[in-house]
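*Asks:* I am sharing target-v3.txt, which consists of compact mmCIF, C-alpha atoms:
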# COMPACT_ATOMS: atom_id res chain seq x y z
CA LEU W 26 120.19 101.32 -60.96
CA ARG W 27 120.77 101.26 -57.18
CA GLU W 28 119.94 103.82 -54.49
CA PHE W 29 122.85 105.42 -52.64
CA ASP W 30 122.73 107.20 -49.25
CA LEU W 31 124.83 110.40 -49.33
CA ASP W 32 124.85 110.67 -45.52
CA THR W 33 126.17 107.19 -44.79
CA LYS W 34 128.09 107.02 -48.09
CA SER W 35 126.78 103.53 -48.72
CA PHE W 36 124.11 101.80 -50.77
CA VAL W 37 120.66 101.68 -49.15
CA PRO W 38 120.05 98.13 -47.85
CA ASP W 39 117.32 96.09 -49.51
CA ALA W 40 115.78 95.63 -46.06
CA GLU W 41 115.09 99.39 -45.96
CA GLY W 42 113.18 99.32 -49.25
CA CYS W 43 116.04 100.27 -51.56
CA PHE W 44 115.07 101.37 -55.06
CA ARG W 45 116.99 98.94 -57.24
CA VAL W 46 116.63 97.53 -60.78
CA GLY W 47 118.80 95.36 -62.96
CA ALA W 48 120.99 96.42 -65.84
CA CYS W 49 118.95 97.98 -68.67
CA LYS W 50 118.21 101.38 -70.18
CA SER W 51 116.38 103.13 -67.35
CA ASP W 52 115.33 106.67 -66.43
CA ALA W 53 114.56 107.68 -62.85
CA SER W 54 113.72 110.81 -60.85
CA TYR W 55 112.53 111.26 -57.27
CA LYS W 56 108.97 112.54 -56.96
CA SER W 57 109.38 112.49 -53.19
CA ARG W 58 111.64 110.77 -50.66
CA ASP W 59 109.69 107.52 -50.99
CA VAL W 60 108.27 107.74 -54.52
CA LEU W 61 110.38 107.22 -57.62
CA LEU W 62 109.33 108.13 -61.16
CA ILE W 63 110.92 105.38 -63.18
CA GLY W 64 110.99 104.15 -66.73
CA THR W 65 112.54 100.71 -67.06
CA ASP W 66 112.01 97.18 -68.34
CA THR W 67 109.86 95.25 -65.86
CA GLY W 68 109.51 92.32 -68.23
CA LYS W 69 106.06 93.33 -69.42
CA GLU W 70 105.44 93.65 -73.13
CA GLY W 71 105.52 97.25 -74.32
CA ASP W 72 107.72 98.60 -71.51
CA MET W 73 110.39 99.73 -73.97
CA THR W 74 110.21 101.61 -77.27
CA ASP W 75 111.37 100.20 -80.57
CA SER W 76 114.64 102.07 -79.92
CA GLY W 77 115.13 100.19 -76.66
CA TYR W 78 114.46 103.07 -74.25
CA PRO W 79 111.75 103.37 -71.55
CA ARG W 80 108.25 103.75 -72.97
CA ARG W 81 106.28 103.72 -69.72
CA ILE W 82 106.77 105.86 -66.62
CA ARG W 83 105.70 104.35 -63.32
CA GLU W 84 105.31 105.77 -59.81
CA TRP W 85 107.19 103.30 -57.64
CA HIS W 86 106.50 103.54 -53.91
CA ARG W 87 109.23 102.44 -51.55
CA GLY W 88 108.80 98.94 -50.19
CA THR W 89 106.41 97.79 -52.92
CA PRO W 90 107.13 95.52 -55.92
CA LEU W 91 108.14 97.38 -59.07
CA LYS W 92 105.79 95.22 -61.14
CA ASP W 93 102.83 96.63 -59.16
CA ALA W 94 103.82 100.29 -59.68
CA GLU W 95 101.17 102.37 -61.46
CA VAL W 96 101.87 103.48 -65.03
CA VAL W 97 101.31 107.26 -65.05
CA PHE W 98 102.61 108.14 -68.51
CA GLU W 99 103.65 106.44 -71.72
CA CYS W 100 104.74 107.34 -75.21
CA GLU W 101 104.32 105.63 -78.56
CA SER W 102 106.42 102.56 -79.30
CA THR W 103 107.85 104.40 -82.31
CA ASP W 104 109.09 107.31 -80.15
CA ILE W 105 112.64 107.40 -78.82
CA ALA W 106 111.67 107.45 -75.12
CA ALA W 107 109.36 108.74 -72.40
CA GLY W 108 110.56 110.77 -69.44
CA SER W 109 109.22 112.39 -66.29
CA SER W 110 110.64 114.36 -63.38
CA ARG W 111 109.83 116.60 -60.45
CA TYR W 112 112.45 119.26 -59.79
CA TYR W 113 113.08 122.39 -57.75
CA ASP W 114 114.04 125.52 -59.66
CA ARG W 115 114.93 128.63 -57.67
CA GLY W 116 112.07 128.30 -55.20
CA VAL W 117 109.54 126.79 -57.61
CA TRP W 118 108.61 123.12 -58.01
CA HIS W 119 108.02 121.83 -61.54
CA ASP W 120 106.50 118.52 -62.66
CA ASP W 121 107.10 117.54 -66.25
CA ARG W 122 106.55 114.64 -68.62
CA ASN W 123 107.85 114.38 -72.14
CA ARG W 124 107.81 112.27 -75.27
CA ALA W 125 111.10 112.24 -77.12
CA ILE W 126 109.56 111.68 -80.54
CA THR W 127 112.93 111.86 -82.31
CA PHE W 128 116.35 113.07 -81.21
CA TYR W 129 115.34 116.61 -82.26
CA THR W 130 111.59 116.71 -81.53
CA THR W 131 109.85 116.45 -78.16
CA GLU W 132 106.34 116.81 -76.77
CA TYR W 133 106.26 118.49 -73.33
CA HIS W 134 103.67 118.34 -70.51
CA PHE W 135 103.83 120.37 -67.27
CA VAL W 136 101.59 120.59 -64.21
CA PHE W 137 99.88 123.97 -63.97
CA GLU W 138 97.29 124.81 -61.30
CA GLY W 139 97.06 121.16 -60.32
CA ALA W 140 96.47 119.71 -63.79
CA TRP W 141 98.70 118.34 -66.53
CA ARG W 142 98.91 120.67 -69.53
CA LYS W 143 100.53 119.99 -72.88
CA LEU W 144 102.75 122.82 -74.10
CA ASP W 145 101.41 124.17 -77.37
CA VAL W 146 104.79 124.78 -78.98
CA PRO W 147 106.54 123.37 -82.08
CA GLU W 148 107.97 119.91 -81.43
CA ASP W 149 111.51 121.00 -82.30
CA ILE W 150 111.67 123.67 -79.56
CA LYS W 151 113.94 123.01 -76.58
CA VAL W 152 112.06 123.77 -73.35
CA SER W 153 113.54 124.54 -69.94
CA THR W 154 112.57 126.67 -66.93
CA PHE W 155 114.00 129.55 -64.92
CA LYS W 156 112.15 129.90 -61.63
CA ASP W 157 108.48 130.54 -62.64
CA SER W 158 109.19 131.05 -66.34
CA PHE W 159 109.53 128.87 -69.41
CA MET W 160 112.54 129.27 -71.65
CA PHE W 161 112.24 128.33 -75.32
CA GLU W 162 115.20 127.74 -77.65
CA LEU W 163 114.05 127.80 -81.27
CA ARG W 164 115.38 125.35 -83.83
CA SER W 165 113.17 126.87 -86.54
CA ASP W 166 111.16 130.06 -87.09
CA TRP W 167 108.03 130.27 -84.91
CA THR W 168 105.01 132.41 -85.74
CA VAL W 169 102.75 132.89 -82.73
CA GLY W 170 100.61 135.74 -81.42
CA GLY W 171 101.14 137.69 -84.63
CA GLN W 172 104.91 137.69 -84.07
CA VAL W 173 107.65 135.83 -85.92
CA TYR W 174 110.53 134.61 -83.76
CA ASN W 175 113.64 133.62 -85.69
CA GLN W 176 115.39 130.28 -85.64
CA GLY W 177 118.14 130.35 -83.02
CA SER W 178 116.30 132.76 -80.71
CA LEU W 179 115.90 132.34 -76.95
CA LEU W 180 112.57 133.39 -75.40
CA ALA W 181 111.37 133.64 -71.81
CA ILE W 182 107.77 133.87 -70.63
CA PRO W 183 106.10 133.40 -67.21
CA CYS W 184 104.39 130.01 -67.03
CA ASP W 185 101.01 131.52 -66.11
CA LYS W 186 101.16 133.95 -69.04
CA PHE W 187 102.03 131.16 -71.45
CA PHE W 188 99.15 128.94 -70.38
CA ALA W 189 96.82 131.95 -70.58
CA GLY W 190 97.86 132.39 -74.21
CA ASP W 191 99.48 135.77 -73.56
CA MET W 192 102.52 135.54 -75.82
CA ALA W 193 102.84 139.32 -75.69
CA ALA W 194 104.50 138.72 -72.32
CA ALA W 195 107.39 136.86 -73.97
CA VAL W 196 110.84 138.45 -73.75
CA VAL W 197 113.43 137.85 -76.45
CA LEU W 198 116.64 137.19 -74.52
CA PHE W 199 118.61 136.50 -77.68
CA SER W 200 118.04 136.81 -81.41
CA PRO W 201 120.73 135.66 -83.85
CA SER W 202 122.26 137.77 -86.58
CA SER W 203 124.53 137.18 -89.55
CA CYS W 204 127.57 137.36 -87.25
CA GLN W 205 126.42 135.90 -83.94
CA SER W 206 124.77 132.73 -82.64
CA LEU W 207 123.86 131.33 -79.22
CA GLU W 208 126.29 128.66 -78.04
CA ASP W 209 125.03 128.00 -74.51
CA LYS W 210 123.21 129.47 -71.53
CA THR W 211 123.94 129.21 -67.80
CA GLY W 212 121.60 130.26 -65.02
CA THR W 213 122.48 131.20 -61.43
CA LEU W 214 120.00 132.18 -58.72
CA SER W 215 119.17 135.56 -60.26
CA PHE W 216 121.23 135.82 -63.45
CA LEU W 217 121.28 134.24 -66.87
CA VAL W 218 124.56 134.28 -68.78
CA LEU W 219 124.44 133.65 -72.52
CA SER W 220 127.55 132.36 -74.26
CA VAL W 221 127.50 133.83 -77.76
CA LEU W 222 129.82 133.34 -80.70
CA GLU W 223 130.27 136.65 -82.49
CA ASP W 224 132.62 136.80 -85.49
CA VAL W 225 134.30 133.64 -84.15
CA LYS W 226 134.95 135.38 -80.80
CA THR W 227 133.47 134.73 -77.38
CA LYS W 228 130.86 137.16 -76.09
CA LEU W 229 128.97 136.84 -72.81
CA MET W 230 125.56 138.50 -72.46
CA PHE W 231 124.01 139.04 -69.02
CA TRP W 232 120.38 139.16 -67.89
CA GLU W 233 119.00 139.56 -64.38
CA TYR W 234 115.62 138.14 -63.36
CA LYS W 235 114.19 140.29 -60.58
CA GLU W 236 110.61 140.46 -59.32
CA GLY W 237 109.31 138.68 -62.41
CA THR W 238 111.07 141.00 -64.89
CA TRP W 239 114.08 140.41 -67.13
CA GLN W 240 116.65 143.20 -67.26
CA SER W 241 119.56 143.30 -69.71
CA LEU W 242 122.84 144.14 -67.96
CA GLY W 243 125.04 144.31 -71.04
CA SER W 244 127.82 142.08 -72.32
CA PHE W 245 131.50 141.26 -71.91
CA SER W 246 133.78 140.50 -74.89
CA GLY W 247 137.21 140.79 -73.31
CA LEU W 248 138.20 137.16 -73.81
CA GLY W 249 138.69 137.42 -77.57
CA MET W 250 139.03 134.01 -79.19
CA GLU W 251 139.39 132.13 -75.90
CA SER W 252 136.72 129.55 -75.14
CA VAL W 253 134.64 129.88 -71.97
CA SER W 254 132.59 127.22 -70.21
CA LEU W 255 130.29 128.17 -67.32
CA GLN W 256 128.57 126.10 -64.67
CA ALA W 257 126.51 127.33 -61.72
CA VAL W 258 127.84 126.37 -58.29
CA ASP W 259 124.30 126.20 -56.84
CA SER W 260 121.60 127.94 -58.88
CA ASP W 261 119.07 127.55 -56.05
CA ALA W 262 121.25 129.36 -53.52
CA ASN W 263 123.65 131.89 -55.06
CA ASP W 264 125.09 133.54 -58.19
CA GLU W 265 128.51 131.89 -58.07
CA LEU W 266 129.96 130.27 -61.18
CA TRP W 267 132.64 127.78 -62.08
CA VAL W 268 134.42 129.38 -65.03
CA THR W 269 136.70 127.36 -67.32
CA ILE W 270 138.76 129.34 -69.84
CA GLN W 271 141.15 128.03 -72.49
CA GLY W 272 142.89 129.58 -75.47
CA TYR W 273 145.92 129.38 -77.72
CA THR W 274 148.26 130.72 -75.04
CA ARG W 275 146.15 130.03 -71.93
CA PRO W 276 146.02 126.39 -70.77
CA THR W 277 142.65 125.13 -69.58
CA SER W 278 142.10 127.05 -66.33
CA LEU W 279 139.39 126.85 -63.67
CA TYR W 280 138.16 129.95 -61.79
CA LEU W 281 135.55 130.54 -59.10
CA SER W 282 133.61 133.72 -59.80
CA SER W 283 130.08 135.11 -59.92
CA ALA W 284 127.83 136.56 -62.60
CA PRO W 285 128.40 140.20 -61.50
CA GLU W 286 132.19 139.72 -61.31
CA LEU W 287 132.25 138.07 -64.72
CA LEU W 288 130.28 140.98 -66.19
CA ARG W 289 132.89 143.41 -64.81
CA GLY W 290 135.66 141.34 -66.42
CA ASN W 291 137.33 140.52 -63.10
CA VAL W 292 138.10 136.90 -63.92
CA ALA W 293 140.51 136.44 -66.83
CA GLY W 294 143.33 138.34 -65.11
CA SER W 295 142.97 136.65 -61.71
CA ALA W 296 144.78 133.55 -60.49
CA PRO W 297 143.00 130.30 -61.37
CA LEU W 298 142.12 127.66 -58.80
CA LYS W 299 143.56 124.98 -61.09
CA SER W 300 145.09 124.87 -64.53
CA LEU W 301 146.78 122.48 -66.91
CA PRO W 302 150.52 122.95 -67.57
CA SER W 303 151.45 125.91 -69.76
CA PHE W 304 153.46 125.21 -72.92
CA PHE W 305 153.54 128.74 -74.37
CA LYS W 306 154.71 132.09 -73.04
Would you mind writing the structure in this file as structure tokens?
*Replies:*
Amino acid sequence: LREFDLDTKSFVPDAEGCFRVGACKSDASYKSRDVLLIGTDTGKEGDMTDSGYPRRIREWHRGTPLKDAEVVFECESTDIAAGSSRYYDRGVWHDDRNRAITFYTTEYHFVFEGAWRKLDVPEDIKVSTFKDSFMFELRSDWTVGGQVYNQGSLLAIPCDKFFAGDMAAAVVLFSPSSCQSLEDKTGTLSFLVLSVLEDVKTKLMFWEYKEGTWQSLGSFSGLGMESVSLQAVDSDANDELWVTIQGYTRPTSLYLSSAPELLRGNVAGSAPLKSLPSFFK
């Protein structure tokens, strides 16, 4: 791991306090410009899990020895790994720590009102955020607040409501059926696009997050059996999307669009920015 300066397009010199560690399984995230959250092998016993991944997370201040960095979080030696990050999500800063207990189970901790709080959710739930809300992807049925949420569902709930125990504020953004399942989700600044497989065909479902409320905008199914891959251009700044479409007669093609344009179906018939050679007419 070695720090790189995007402005000068060169590695940060050691004389300037470069963050740098040798070759090993490491995990790193900036907490601030001069503080790095890092999990790595410093040579001390217990730094790595039995699986060989980081077990301890340290706060490493620029210009100080890594061996002196304070351990702020650690997992069990039998876990897969420990992780920590501080990230910006659509105007909101989030601090998280997690224990990857197995490849399919994780324990999550987030900072809320200045204190670390463990998320009281099943260990097999996949947790992410959208601005000031948690998003939960269920790998198994979850009974909470007198409600049963089905395996394969996607839920959203404001962080403050969740920590207050108000699960009635949760919104079901997707619930599977006998003919449809959630393949992926992509968030822009204000929109969430769900990629759904329905009867072996691609279906895109659209939600808008506005003033703390989720609003369903409908769906688009005009791509038939073509595969669609979405990636936000900059989810902190706009609603633009990189859209990659491929099918039996369409070579892999890249488009630049937006969530509203995609909902209106104004992509598949437009000229792509790039595409692979076509072999069928």
*Asks:* One decimal, Å: what's the distance from CA of Asp191 in chain W over to CA of Gly171 in chain W, could you say?
*Replies:*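 Atom-to-atom, CA of Asp191 in chain W to CA of Gly171 in chain W, that is 11.4 Å.
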*Asks:* Write out as a list in words the residues lying within 9 Å of range 138-146 of chain W, counting only C-alpha atoms and excluding same-chain residues fewer than 3 positions away.
*Replies:*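 After dropping sequence-adjacent residues, the list is Asp120, Asp121, Arg122, Glu132, Tyr133, His134, Phe135, Asp149, Ile150, Trp167, Phe187 and Phe188 of chain W.
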*Asks:* Need the shell around Ser220 in chain W: protein/DNA/RNA residues with any atom at most 8 Å away, counting all atoms listed in the file. Skip same-chain ones fewer than 2 positions apart. Format as a VMD selection string?
*Replies:* chain W and resid 207 to 210 218 222 227 to 230 253
*Asks:* Could you tell me which of W:Leu61, W:Val117, W:Leu91, W:Val196 comes closest to Leu180 in chain W if we count only C-alpha atoms?
*Replies:*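 Closest to Leu180 in chain W of all the choices is W:Val196.
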*Asks:* W:Gly71, W:Gly64, W:Gly190, W:Gly272: which is nearest Glu84 in chain W, counting only C-alpha atoms?
*Replies:*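 Looking at the shortest contact to Glu84 in chain W, the residue is W:Gly64.
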*Asks:* How would you write as number ranges by chain the residues that get within 12 Å of (134.3, 130.9, -58.6) in the file's frame, counting all atoms listed in the file?
*Replies:* W: 255-259, 263-269, 278-287, 291-293, 295-299
*Asks:* Grab the residues selected above and save them as a compact mmCIF listing (two decimals), keeping the file's coordinate frame with C-alpha atoms.
*Replies:*
# COMPACT_ATOMS: atom_id res chain seq x y z
CA LEU W 255 130.29 128.17 -67.32
CA GLN W 256 128.57 126.10 -64.67
CA ALA W 257 126.51 127.33 -61.72
CA VAL W 258 127.84 126.37 -58.29
CA ASP W 259 124.30 126.20 -56.84
CA ASN W 263 123.65 131.89 -55.06
CA ASP W 264 125.09 133.54 -58.19
CA GLU W 265 128.51 131.89 -58.07
CA LEU W 266 129.96 130.27 -61.18
CA TRP W 267 132.64 127.78 -62.08
CA VAL W 268 134.42 129.38 -65.03
CA THR W 269 136.70 127.36 -67.32
CA SER W 278 142.10 127.05 -66.33
CA LEU W 279 139.39 126.85 -63.67
CA TYR W 280 138.16 129.95 -61.79
CA LEU W 281 135.55 130.54 -59.10
CA SER W 282 133.61 133.72 -59.80
CA SER W 283 130.08 135.11 -59.92
CA ALA W 284 127.83 136.56 -62.60
CA PRO W 285 128.40 140.20 -61.50
CA GLU W 286 132.19 139.72 -61.31
CA LEU W 287 132.25 138.07 -64.72
CA ASN W 291 137.33 140.52 -63.10
CA VAL W 292 138.10 136.90 -63.92
CA ALA W 293 140.51 136.44 -66.83
CA SER W 295 142.97 136.65 -61.71
CA ALA W 296 144.78 133.55 -60.49
CA PRO W 297 143.00 130.30 -61.37
CA LEU W 298 142.12 127.66 -58.80
CA LYS W 299 143.56 124.98 -61.09
*Asks:* With all atoms listed in the file counted, which protein, DNA or RNA residues have an atom no more than 12 Å from (105.7, 98.6, -61.2) in the file frame? Please answer as a ChimeraX atom specification.
*Replies:* /W:44-46,60-69,72,81-97
*Asks:* For CA of Tyr55 in chain W and CA of Asp30 in chain W, quote the distance in Å rounded to one decimal.
*Replies:*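 For CA of Tyr55 in chain W relative to CA of Asp30 in chain W, the distance reads 13.6 Å.
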*Asks:* Given the choices W:Ile105, W:Ala189, W:Cys100, W:Cys184, which gets closest to Val136 in chain W if the distance is worked out from all atoms listed in the file?
*Replies:*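 For Val136 in chain W, the nearest of the candidates is W:Cys184.
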*Asks:* CA of Ala106 in chain W and CA of Glu70 in chain W are how many Å apart?
*Replies:*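 Between these atoms lies a distance of 15.3 Å.
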*Asks:* Just the residues within 10 Å of Thr238 in chain W, please, counting all atoms listed in the file, with nothing from its chain fewer than 3 positions along; format it as a list in words.
*Replies:*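 Returned residues: Ile182, Pro183, Val196, Trp232, Glu233, Tyr234 and Lys235 of chain W.
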*Asks:* At a cut-off of 12 Å, using all atoms listed in the file, what residues contact Pro147 in chain W? Leave out same-chain residues fewer than 4 positions from it and give the result as a ChimeraX atom specification.
*Replies:* /W:129-133,143,151-152,161-169,176
